[in-house]
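This is run-v6.txt. It holds compact mmCIF, C-alpha atoms and all ligand atoms.
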```txt
# COMPACT_ATOMS: atom_id res chain seq x y z
CA MET A 21 -10.78 -10.46 1.45
CA PRO A 22 -9.17 -11.86 -1.69
CA ASN A 23 -6.12 -14.09 -1.14
CA SER A 24 -7.39 -14.94 2.33
CA TYR A 25 -7.29 -18.65 3.09
CA GLU A 26 -9.03 -20.66 5.79
CA ILE A 27 -6.90 -23.28 7.51
CA ALA A 28 -8.51 -26.01 9.64
CA VAL A 29 -6.13 -26.99 12.43
CA PHE A 30 -6.30 -30.44 14.02
CA ALA A 31 -3.93 -30.10 16.99
CA GLY A 32 -4.60 -33.74 17.86
CA ASP A 33 -3.19 -35.94 20.60
CA GLY A 34 0.05 -36.49 22.49
CA ILE A 35 2.76 -34.13 21.23
CA GLY A 36 0.26 -32.79 18.65
CA PRO A 37 -0.65 -29.55 20.42
CA GLU A 38 3.01 -28.93 21.38
CA ILE A 39 4.17 -28.96 17.75
CA THR A 40 1.01 -27.31 16.40
CA ASP A 41 1.30 -24.14 18.52
CA PRO A 42 4.72 -22.99 17.27
CA THR A 43 3.84 -24.03 13.71
CA VAL A 44 0.67 -21.93 13.66
CA LYS A 45 2.64 -19.06 15.21
CA ILE A 46 5.25 -19.16 12.44
CA LEU A 47 2.54 -19.36 9.76
CA ASN A 48 0.80 -16.40 11.38
CA ASP A 49 4.03 -14.39 11.38
CA LEU A 50 4.69 -15.22 7.73
CA SER A 51 1.15 -14.29 6.73
CA ALA A 52 1.24 -11.06 8.79
CA LYS A 53 4.39 -9.98 6.93
CA SER A 54 3.05 -10.83 3.50
CA SER A 55 0.93 -8.46 1.47
CA GLY A 56 0.15 -11.26 -0.96
CA TYR A 57 -2.04 -13.45 1.22
CA SER A 58 -3.46 -13.94 4.68
CA LEU A 59 -4.28 -17.08 6.66
CA ASN A 60 -7.12 -17.63 9.13
CA PHE A 61 -6.93 -20.56 11.48
CA THR A 62 -9.86 -22.49 12.94
CA ALA A 63 -9.26 -25.15 15.58
CA ALA A 64 -10.94 -28.49 14.86
CA PRO A 65 -11.20 -30.67 17.98
CA ALA A 66 -10.81 -34.39 17.23
CA GLY A 67 -8.77 -37.42 18.18
CA ALA A 68 -8.38 -39.98 20.93
CA ALA A 69 -8.38 -37.59 23.91
CA HIS A 70 -11.46 -35.90 22.49
CA TYR A 71 -13.11 -39.32 22.11
CA ALA A 72 -12.29 -40.21 25.74
CA GLU A 73 -13.91 -36.96 26.86
CA THR A 74 -16.94 -36.77 24.60
CA GLY A 75 -17.46 -40.16 22.94
CA GLU A 76 -16.75 -38.61 19.51
CA SER A 77 -13.42 -38.88 17.68
CA LEU A 78 -14.33 -36.65 14.74
CA PRO A 79 -17.27 -34.38 15.61
CA ALA A 80 -19.50 -33.26 12.74
CA ALA A 81 -18.54 -29.63 13.42
CA SER A 82 -14.83 -30.44 12.95
CA MET A 83 -15.60 -32.35 9.76
CA GLU A 84 -17.52 -29.28 8.57
CA THR A 85 -14.56 -27.01 9.43
CA ALA A 86 -12.31 -29.32 7.41
CA ARG A 87 -14.72 -29.38 4.43
CA ASN A 88 -15.02 -25.60 4.36
CA ALA A 89 -11.30 -24.95 4.75
CA ASP A 90 -8.88 -24.17 1.93
CA ALA A 91 -6.36 -26.50 3.55
CA ILE A 92 -6.10 -28.75 6.59
CA LEU A 93 -3.14 -28.84 8.93
CA LEU A 94 -2.99 -31.87 11.19
CA SER A 95 -0.38 -32.97 13.72
CA ALA A 96 -1.06 -36.51 14.92
CA MET A 97 -4.07 -38.32 16.33
CA GLY A 98 -4.50 -41.50 18.32
CA LEU A 99 -3.29 -42.82 21.67
CA PRO A 100 -2.36 -46.42 22.49
CA ASP A 101 -4.66 -46.73 25.50
CA VAL A 102 -7.75 -45.11 23.96
CA ARG A 103 -9.67 -47.31 21.53
CA TYR A 104 -13.15 -47.72 20.14
CA ALA A 105 -15.39 -50.23 21.91
CA ASP A 106 -14.53 -52.87 19.24
CA GLY A 107 -10.82 -52.44 19.99
CA THR A 108 -9.83 -50.66 16.78
CA GLU A 109 -7.53 -47.64 16.82
CA ILE A 110 -8.86 -44.12 16.77
CA SER A 111 -7.55 -42.49 13.60
CA PRO A 112 -9.76 -39.63 12.39
CA GLN A 113 -7.05 -38.80 9.83
CA ILE A 114 -8.12 -41.96 7.95
CA ASP A 115 -11.78 -40.90 8.18
CA LEU A 116 -10.80 -37.51 6.71
CA ARG A 117 -8.88 -39.20 3.90
CA LYS A 118 -11.95 -41.27 2.99
CA ALA A 119 -14.57 -38.53 3.45
CA LEU A 120 -12.61 -35.99 1.38
CA THR A 121 -11.32 -38.51 -1.21
CA LEU A 122 -7.67 -37.67 -0.65
CA PHE A 123 -6.30 -40.16 -3.17
CA ALA A 124 -2.70 -38.93 -3.42
CA GLY A 125 -0.41 -39.52 -0.45
CA VAL A 126 2.62 -37.34 -1.10
CA ARG A 127 5.82 -38.32 0.72
CA PRO A 128 8.87 -36.24 -0.14
CA VAL A 129 12.16 -37.97 0.63
CA THR A 130 15.02 -35.51 0.93
CA VAL A 131 18.40 -35.70 2.59
CA ARG A 132 19.96 -32.29 3.05
CA PRO A 133 23.37 -31.34 4.41
CA GLY A 134 23.63 -32.11 8.11
CA GLN A 135 20.84 -34.66 7.97
CA ALA A 136 21.71 -38.13 9.27
CA THR A 137 21.25 -40.88 6.68
CA PRO A 138 22.39 -44.50 6.80
CA LEU A 139 23.64 -44.16 3.20
CA LYS A 140 26.89 -42.86 1.84
CA ILE A 141 25.92 -40.26 -0.73
CA PRO A 142 28.46 -39.82 -3.55
CA ALA A 143 29.80 -36.32 -4.13
CA GLY A 144 27.55 -34.28 -6.38
CA LYS A 145 24.50 -36.48 -5.69
CA GLU A 146 21.52 -35.49 -3.61
CA ILE A 147 18.51 -37.44 -2.36
CA ASP A 148 15.42 -35.45 -3.33
CA PHE A 149 12.49 -37.42 -4.67
CA VAL A 150 8.77 -37.73 -4.03
CA LEU A 151 6.77 -40.88 -3.54
CA VAL A 152 3.08 -40.60 -4.42
CA ARG A 153 1.04 -43.32 -2.74
CA GLU A 154 -2.53 -43.96 -3.85
CA SER A 155 -4.43 -43.71 -0.58
CA THR A 156 -8.05 -44.80 -1.05
CA GLU A 157 -8.05 -48.26 -2.73
CA GLY A 158 -5.42 -50.80 -3.80
CA LEU A 159 -4.88 -53.56 -1.23
CA PHE A 160 -6.41 -51.40 1.49
CA TYR A 161 -9.77 -51.55 -0.29
CA SER A 162 -11.10 -54.42 1.78
CA GLN A 163 -9.50 -53.15 4.98
CA GLY A 164 -11.49 -54.50 7.91
CA THR A 165 -13.86 -56.47 5.66
CA GLY A 166 -11.57 -59.20 4.33
CA GLU A 167 -13.11 -62.69 4.29
CA VAL A 168 -11.76 -65.06 6.89
CA SER A 169 -12.83 -68.66 7.45
CA ALA A 170 -11.17 -71.37 9.50
CA ASP A 171 -8.94 -72.35 6.58
CA GLU A 172 -8.59 -69.35 4.37
CA ALA A 173 -8.40 -65.57 4.36
CA ARG A 174 -8.84 -63.25 1.39
CA GLU A 175 -8.40 -59.53 0.77
CA THR A 176 -9.26 -57.59 -2.35
CA LEU A 177 -6.85 -55.49 -4.41
CA ARG A 178 -8.89 -52.87 -6.23
CA ILE A 179 -7.60 -50.52 -8.91
CA THR A 180 -10.17 -48.22 -10.56
CA ARG A 181 -9.88 -46.20 -13.72
CA ASP A 182 -11.40 -43.15 -12.04
CA ILE A 183 -8.99 -42.90 -9.11
CA SER A 184 -5.96 -44.01 -11.15
CA GLU A 185 -6.57 -41.36 -13.80
CA LYS A 186 -6.81 -38.65 -11.13
CA LEU A 187 -3.73 -40.01 -9.37
CA PHE A 188 -1.59 -40.06 -12.52
CA ARG A 189 -2.73 -36.63 -13.66
CA PHE A 190 -1.78 -35.28 -10.23
CA THR A 191 1.59 -37.03 -10.36
CA PHE A 192 2.59 -35.70 -13.78
CA ASP A 193 1.57 -32.19 -12.72
CA LEU A 194 3.74 -32.58 -9.63
CA ALA A 195 6.75 -33.64 -11.71
CA ARG A 196 6.25 -30.55 -13.90
CA GLN A 197 6.07 -28.25 -10.87
CA ARG A 198 9.22 -29.77 -9.41
CA ARG A 199 11.07 -29.26 -12.68
CA ARG A 200 9.94 -25.63 -12.66
CA GLN A 201 11.41 -25.29 -9.15
CA GLY A 202 14.68 -26.85 -10.32
CA ARG A 203 14.13 -29.91 -8.12
CA GLY A 204 14.06 -32.68 -10.70
CA PRO A 205 14.31 -33.52 -14.40
CA GLY A 206 10.56 -34.05 -14.82
CA ARG A 207 10.50 -37.81 -14.62
CA VAL A 208 7.72 -40.08 -13.32
CA THR A 209 8.27 -43.72 -12.46
CA CYS A 210 5.28 -46.05 -12.18
CA VAL A 211 6.07 -48.62 -9.47
CA ASP A 212 4.06 -51.82 -9.84
CA LYS A 213 4.15 -55.57 -10.29
CA ALA A 214 2.66 -55.63 -13.76
CA ASN A 215 4.53 -58.81 -14.68
CA VAL A 216 2.55 -60.88 -12.17
CA PHE A 217 -0.79 -59.21 -11.42
CA ARG A 218 -3.45 -58.21 -13.92
CA ALA A 219 -4.57 -55.39 -11.63
CA PHE A 220 -1.08 -53.88 -11.91
CA ALA A 221 -1.01 -54.38 -15.68
CA PHE A 222 -4.22 -52.31 -15.71
CA PHE A 223 -2.59 -49.72 -13.40
CA ARG A 224 0.38 -49.49 -15.79
CA GLU A 225 -1.87 -49.21 -18.85
CA LEU A 226 -3.66 -46.23 -17.29
CA PHE A 227 -0.30 -44.72 -16.35
CA ASP A 228 0.93 -45.03 -19.94
CA ALA A 229 -2.24 -43.36 -21.23
CA GLU A 230 -1.63 -40.36 -18.96
CA ALA A 231 2.08 -40.31 -19.80
CA ALA A 232 1.22 -39.94 -23.50
CA LYS A 233 -0.43 -36.60 -22.66
CA HIS A 234 2.84 -35.21 -21.24
CA PRO A 235 5.41 -35.44 -24.03
CA THR A 236 7.82 -33.05 -22.29
CA LEU A 237 8.03 -35.26 -19.20
CA THR A 238 9.79 -38.61 -19.01
CA ALA A 239 7.81 -41.66 -17.93
CA ASP A 240 9.16 -45.07 -17.03
CA HIS A 241 8.25 -48.20 -15.04
CA ALA A 242 9.87 -50.21 -12.28
CA TYR A 243 8.84 -53.33 -10.41
CA VAL A 244 8.32 -52.75 -6.73
CA ASP A 245 10.96 -55.27 -5.63
CA ALA A 246 13.62 -53.66 -7.81
CA THR A 247 12.50 -50.24 -6.56
CA ALA A 248 13.17 -51.28 -2.95
CA LEU A 249 16.69 -52.25 -3.99
CA TRP A 250 17.32 -49.04 -5.93
CA MET A 251 15.96 -46.87 -3.14
CA VAL A 252 18.93 -48.13 -1.12
CA GLN A 253 21.51 -48.38 -3.93
CA LYS A 254 20.84 -45.22 -5.93
CA PRO A 255 17.98 -43.16 -4.47
CA TRP A 256 19.47 -40.00 -6.05
CA ASP A 257 18.27 -41.29 -9.44
CA PHE A 258 14.55 -40.97 -8.60
CA ASP A 259 12.41 -37.90 -9.22
CA VAL A 260 8.70 -38.70 -8.77
CA MET A 261 7.38 -42.21 -8.13
CA VAL A 262 3.74 -43.24 -8.13
CA THR A 263 2.41 -46.49 -6.73
CA GLU A 264 -0.45 -48.50 -5.25
CA ASN A 265 -1.56 -48.07 -1.63
CA MET A 266 0.19 -51.04 0.05
CA PHE A 267 3.42 -50.72 -1.98
CA GLY A 268 3.40 -47.01 -1.09
CA ASP A 269 2.87 -47.77 2.58
CA ILE A 270 5.98 -49.96 2.64
CA LEU A 271 8.18 -47.80 0.42
CA SER A 272 7.36 -44.64 2.35
CA ASP A 273 8.74 -46.19 5.55
CA LEU A 274 11.84 -47.16 3.59
CA GLY A 275 11.99 -43.51 2.50
CA ALA A 276 11.69 -42.33 6.11
CA GLY A 277 14.59 -44.67 6.93
CA LEU A 278 16.73 -42.99 4.25
CA MET A 279 15.92 -39.65 5.85
CA GLY A 280 17.32 -40.82 9.18
CA GLY A 281 13.95 -41.31 10.85
CA LEU A 282 10.61 -39.63 11.28
CA GLY A 283 11.73 -36.32 12.78
CA LEU A 284 12.17 -34.64 9.39
CA ALA A 285 9.52 -36.46 7.33
CA PRO A 286 6.55 -34.36 6.17
CA SER A 287 3.57 -35.60 4.18
CA ALA A 288 0.40 -34.52 2.43
CA ASP A 289 -2.80 -36.31 1.46
CA ILE A 290 -4.27 -34.55 -1.53
CA GLY A 291 -7.51 -34.81 -3.52
CA LEU A 292 -9.10 -32.65 -6.20
CA GLU A 293 -10.53 -30.11 -3.73
CA HIS A 294 -9.06 -30.80 -0.30
CA ALA A 295 -5.70 -31.57 1.21
CA VAL A 296 -4.38 -32.57 4.62
CA PHE A 297 -0.78 -31.76 5.61
CA GLN A 298 0.74 -33.69 8.49
CA PRO A 299 4.07 -35.06 9.70
CA CYS A 300 4.69 -38.79 9.06
CA HIS A 301 5.22 -39.47 12.75
CA GLY A 302 2.52 -40.32 15.30
CA SER A 303 1.47 -38.68 18.55
CA ALA A 304 4.58 -39.91 20.44
CA PRO A 305 2.81 -40.37 23.79
CA ASP A 306 6.12 -41.46 25.38
CA ILE A 307 7.47 -37.89 25.22
CA ALA A 308 4.20 -35.90 25.31
CA GLY A 309 3.91 -33.06 27.80
CA GLN A 310 7.67 -32.59 28.15
CA GLY A 311 8.13 -29.86 25.55
CA VAL A 312 10.89 -31.81 23.78
CA ALA A 313 9.12 -32.99 20.61
CA ASN A 314 10.76 -32.14 17.31
CA PRO A 315 8.58 -29.60 15.44
CA PHE A 316 10.50 -29.83 12.13
CA ALA A 317 8.39 -32.50 10.36
CA MET A 318 5.30 -30.46 11.23
CA LEU A 319 6.93 -27.25 9.98
CA LEU A 320 7.98 -28.99 6.75
CA SER A 321 4.39 -30.19 6.33
CA ALA A 322 3.21 -26.59 6.81
CA ALA A 323 5.70 -25.55 4.11
CA MET A 324 4.15 -28.12 1.75
CA MET A 325 0.75 -26.62 2.57
CA LEU A 326 1.85 -23.10 1.59
CA ASP A 327 3.37 -24.45 -1.61
CA TRP A 328 0.20 -26.42 -2.50
CA LEU A 329 -2.06 -23.42 -1.80
CA GLY A 330 0.28 -21.24 -3.86
CA VAL A 331 0.14 -23.57 -6.85
CA LYS A 332 -3.62 -24.10 -6.56
CA HIS A 333 -4.42 -20.38 -6.32
CA ASP A 334 -1.52 -19.25 -8.48
CA ASN A 335 -0.17 -17.14 -5.62
CA GLU A 336 3.55 -16.49 -5.93
CA ASP A 337 3.86 -15.16 -2.36
CA LEU A 338 2.48 -18.36 -0.85
CA ARG A 339 4.82 -20.46 -2.97
CA ARG A 340 7.78 -18.30 -2.00
CA ASP A 341 6.97 -18.51 1.72
CA GLY A 342 6.59 -22.28 1.39
CA SER A 343 10.15 -22.49 0.00
CA ARG A 344 11.46 -20.05 2.63
CA LEU A 345 9.98 -22.08 5.47
CA ARG A 346 11.40 -25.34 4.11
CA GLU A 347 14.81 -23.76 3.58
CA ALA A 348 14.76 -22.23 7.07
CA VAL A 349 14.22 -25.66 8.65
CA GLU A 350 16.98 -27.10 6.44
CA ALA A 351 19.31 -24.27 7.49
CA VAL A 352 18.75 -24.99 11.19
CA VAL A 353 19.37 -28.72 10.62
CA ALA A 354 22.51 -27.99 8.58
CA LYS A 355 23.87 -25.68 11.31
CA GLY A 356 23.24 -28.41 13.86
CA THR A 357 23.40 -26.27 17.01
CA VAL A 358 19.69 -26.13 17.88
CA LEU A 359 18.29 -29.65 17.56
CA THR A 360 15.81 -31.66 19.61
CA GLN A 361 16.87 -34.89 21.32
CA ASP A 362 15.69 -37.20 18.52
CA LEU A 363 18.23 -35.46 16.23
CA GLY A 364 20.96 -35.72 18.83
CA GLY A 365 20.57 -32.29 20.42
CA HIS A 366 18.93 -31.04 23.59
CA ALA A 367 16.83 -28.09 22.44
CA SER A 368 13.19 -27.84 23.47
CA THR A 369 10.34 -27.77 20.95
CA ASN A 370 10.06 -24.01 21.31
CA GLU A 371 13.80 -23.38 21.01
CA ALA A 372 13.90 -25.42 17.80
CA ALA A 373 10.91 -23.54 16.38
CA GLU A 374 12.40 -20.19 17.43
CA ALA A 375 15.63 -21.04 15.60
CA VAL A 376 13.52 -21.45 12.44
CA SER A 377 11.74 -18.14 13.12
CA ALA A 378 15.12 -16.44 13.57
CA VAL A 379 16.27 -17.62 10.13
CA LEU A 380 13.03 -16.35 8.57
CA VAL A 381 13.32 -12.95 10.24
CA LEU A 382 17.00 -12.61 9.23
CA GLU A 383 16.07 -13.27 5.63
CA ALA A 384 13.13 -10.89 5.56
P1 LIG A 401 1.47 -44.11 14.93
O1 LIG A 401 0.89 -45.47 15.05
O2 LIG A 401 0.52 -43.01 15.28
O3 LIG A 401 2.21 -43.90 13.66
P2 LIG A 401 3.81 -44.91 16.26
O4 LIG A 401 3.58 -45.83 17.41
O5 LIG A 401 4.24 -45.49 14.98
O6 LIG A 401 2.55 -44.01 16.09
P3 LIG A 401 5.19 -42.43 16.84
O7 LIG A 401 4.17 -41.76 17.66
O8 LIG A 401 5.49 -41.86 15.52
O9 LIG A 401 4.91 -43.96 16.73
O10 LIG A 401 6.52 -42.52 17.69
C1 LIG A 401 7.59 -43.45 17.38
C2 LIG A 401 8.83 -43.01 18.17
O11 LIG A 401 9.34 -41.83 17.59
C3 LIG A 401 8.54 -42.68 19.62
O12 LIG A 401 9.62 -43.08 20.43
C4 LIG A 401 8.41 -41.19 19.62
O13 LIG A 401 8.76 -40.60 20.84
C5 LIG A 401 9.35 -40.76 18.51
N1 LIG A 401 8.85 -39.54 17.86
C6 LIG A 401 7.81 -39.45 17.00
N2 LIG A 401 7.61 -38.19 16.62
C7 LIG A 401 8.54 -37.44 17.25
C8 LIG A 401 8.85 -36.05 17.25
N3 LIG A 401 8.17 -35.15 16.55
N4 LIG A 401 9.88 -35.64 18.03
C9 LIG A 401 10.60 -36.51 18.76
N5 LIG A 401 10.36 -37.83 18.79
C10 LIG A 401 9.34 -38.31 18.04
MG MG A 402 3.48 -45.53 13.01
```
Let me see the structure of the file written as C-alpha cells.
Amino acid sequence: MPNSYEIAVFAGDGIGPEITDPTVKILNDLSAKSSGYSLNFTAAPAGAAHYAETGESLPAASMETARNADAILLSAMGLPDVRYADGTEISPQIDLRKALTLFAGVRPVTVRPGQATPLKIPAGKEIDFVLVRESTEGLFYSQGTGEVSADEARETLRITRDISEKLFRFTFDLARQRRRQGRGPGRVTCVDKANVFRAFAFFRELFDAEAAKHPTLTADHAYVDATALWMVQKPWDFDVMVTENMFGDILSDLGAGLMGGLGLAPSADIGLEHAVFQPCHGSAPDIAGQGVANPFAMLLSAAMMLDWLGVKHDNEDLRRDGSRLREAVEAVVAKGTVLTQDLGGHASTNEAAEAVSAVLVLEA
C-alpha cells in the first residue's frame, strides 16, 4: 500500500514497555483515522533484560527489523545491574547509531506554558530552539580505545569532511523547515572552539561552505563557552545550533535543565536513510513496574517521528499529525490537571496518555 510506513519498535528495559504501549496505541489511533498514511509496527526485542535472558543485547533479527523500517521508535535500554562480561554498559541504542550512521542528534529545547523552568522568561519571549549534536565522531571517536599509560592518557578528536558536510546540510534544511512552520527565523549557529583548536577551525570552515549555499538563511558562530552562558541568559535568541559530539553531549543536558528536567525532553538520531526517535531519559529502573512513568517525552519523540516521516516522504497528513500530537501533549501540560509524579502530579502513565488521546479526539 502506498503511504504505508514500517515502524520498528524497541520497547526496551525498565519503564520502556510501560511508555511504549500507550505511545504505539496513540500512533495506531492517529493512523487509523488518517486516510493519508498508515503505520505498521514490528516489535524488535533488544536491551539489558533481553541480554540477561538470551546472551544477546541486539539480536541480528532486531537489527534487520531496524534496517528495513522506515523509522525506529525506541524507549530506553540498559539496566544498572546487567552488564557485559567486561563490565561495560549495555546500550544497543549506541550500536544502532553506529551501524546506521545516525550522525545528527536532534535535541529540541522548548519551554511551553505550564512547563517548569528554572529561568524567568521575559514577556513575549519563548524558548524554542534545536540543538544538533554530531553523534558519530568528534571527541567520542576514540571512545573505549584511548591510549593510557602510567603517566599519560590521550583521546582523539576527529572531524571529517564527509560527516560534517552531511551534518551541516541536514542542519540548514532543518532551519528552513522550522521557518516554514513558523518556529524560527531560519538561523543556524555553529558552536565550536575555533579560536583554540585546528579541528574546530576546520569544522567552522566546512560550516561556512555549507552556509554559502543557503543565502536565505542566516548563519553565525559562537564559542561553546559563551554558548553555555547565553543558553542561561538569553536562550530565546537561539534557533538552530549545530556542534561537535562532546560539546553537544554537555549542552543537551543544559538544555534538558532549561526544560525543567527529562520528563518532557524528546530526541532523534538521524542519518541519510534511517532515524531513531527516543526520549532523552533512561530506563528509570527505580520506578519501573509501577505504572507511574511519564509518557510525554516518548510521545513527543513519536511526534518528531511523524514530522520527520512527513518531511521525508512529502506527506502533509503525517506532518499535521506530528504537530497535533506535540500540541496535544503541550495542552495537557499547560492545563496541569493530569500530570505524572515527576511533573508534580499523581496521574498514572495510562491516565496521562489518555489525557493526550482525549485532546486528539476532541480536535478531530
Ligand atoms: P541512563 O544512563 O540510561 O541515561 P540515568 O541513570 O541517567 O539513565 P534515568 O533512567 O533517565 O537515569 O532516570 C533518572 C531519574 O529520572 C530517575 O529517578 C528516574 O526515575 C527519573 N525518570 C526518568 N525518566 C522518567 C519518566 N519517563 N518518568 C518519570 N521519571 C523518570
Ligand atoms: Mg543518563
What residues have any atom no more than 12 Å from ligand MG 402 (chain A) when counting all atoms listed in the file, and can you list them as a PDB file with C-alpha atoms, keeping the file's coordinate frame?
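The result, stored in out.pdb:
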```pdb
ATOM      1  CA  ALA A  96      -1.060 -36.510  14.920  1.00  0.00           C
ATOM      2  CA  MET A  97      -4.070 -38.320  16.330  1.00  0.00           C
ATOM      3  CA  GLY A  98      -4.500 -41.500  18.320  1.00  0.00           C
ATOM      4  CA  LEU A  99      -3.290 -42.820  21.670  1.00  0.00           C
ATOM      5  CA  PRO A 100      -2.360 -46.420  22.490  1.00  0.00           C
ATOM      6  CA  GLU A 109      -7.530 -47.640  16.820  1.00  0.00           C
ATOM      7  CA  SER A 111      -7.550 -42.490  13.600  1.00  0.00           C
ATOM      8  CA  ASP A 269       2.870 -47.770   2.580  1.00  0.00           C
ATOM      9  CA  ILE A 270       5.980 -49.960   2.640  1.00  0.00           C
ATOM     10  CA  SER A 272       7.360 -44.640   2.350  1.00  0.00           C
ATOM     11  CA  ASP A 273       8.740 -46.190   5.550  1.00  0.00           C
ATOM     12  CA  ALA A 276      11.690 -42.330   6.110  1.00  0.00           C
ATOM     13  CA  GLY A 281      13.950 -41.310  10.850  1.00  0.00           C
ATOM     14  CA  LEU A 282      10.610 -39.630  11.280  1.00  0.00           C
ATOM     15  CA  PRO A 299       4.070 -35.060   9.700  1.00  0.00           C
ATOM     16  CA  CYS A 300       4.690 -38.790   9.060  1.00  0.00           C
ATOM     17  CA  HIS A 301       5.220 -39.470  12.750  1.00  0.00           C
ATOM     18  CA  GLY A 302       2.520 -40.320  15.300  1.00  0.00           C
ATOM     19  CA  SER A 303       1.470 -38.680  18.550  1.00  0.00           C
ATOM     20  CA  ALA A 304       4.580 -39.910  20.440  1.00  0.00           C
ATOM     21  CA  PRO A 305       2.810 -40.370  23.790  1.00  0.00           C
TER      22      PRO A 305
END
```
Check your understanding: How many Å separate CA of Asp362 (chain A) from CA of Ser155 (chain A)?
Key -> 28.5 Å
Exercise for review: Pick out the closest residue to Phe267 (chain A) from this set: A:Glu38, A:Glu225, A:Asp33, A:Glu157. Count all atoms listed in the file.
Suggested key: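 Closest to Phe267 (chain A), using all atoms listed in the file: A:Glu157.
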Put the listed atoms of region 246-257 of chain A in a box along x, y and z with 4 Å added on every side and give me the centre and edge lengths in Å to one decimal, as AutoDock Vina command-line options.
```
--center_x 17.0 --center_y -46.8 --center_z -5.3 --size_x 17.0 --size_y 21.7 --size_z 16.3
```
Practice item. Take the point (1.6, -52.7, -13.2) as written in the file and pick out every residue within 12 Å of it, counting all atoms listed in the file; give the list as an MDAnalysis selection string. Key: chainID A and resid 158 179 184 209:228 240:244 262:264 267
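Nearest to ligand LIG 401 (chain A) of all the residues A:Asp171, A:Asp182, A:Asp306, A:Asp259 is A:Asp306, based on all atoms listed in the file.
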Practice item. In the coordinate frame of the file, compute which residues have an atom within 7 Å of (6.7, -11.0, 10.2) when using all atoms listed in the file, and state them as a ChimeraX atom specification. Key: /A:49-50,52-53,381
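Using only C-alpha atoms and all ligand atoms, the smallest distance between any of A:Ala86, A:Ala248, A:Ala354, A:Ala373 and ligand LIG 401 (chain A) comes from A:Ala373.
The interatomic distance for the pair CA of Gln135 (chain A) and atom N1 of ligand LIG 401 (chain A) works out to 16.3 Å.
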Practice item. Name the closest residue to Ser54 (chain A) among the candidates A:Asp341, A:Arg189, A:Val260, A:Ala317; distances are taken between atoms, counting all atoms listed in the file. Key: A:Asp341
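Taking CA of Arg199 (chain A) as the reference point, CA of Ala246 (chain A) is found at 25.0 Å.
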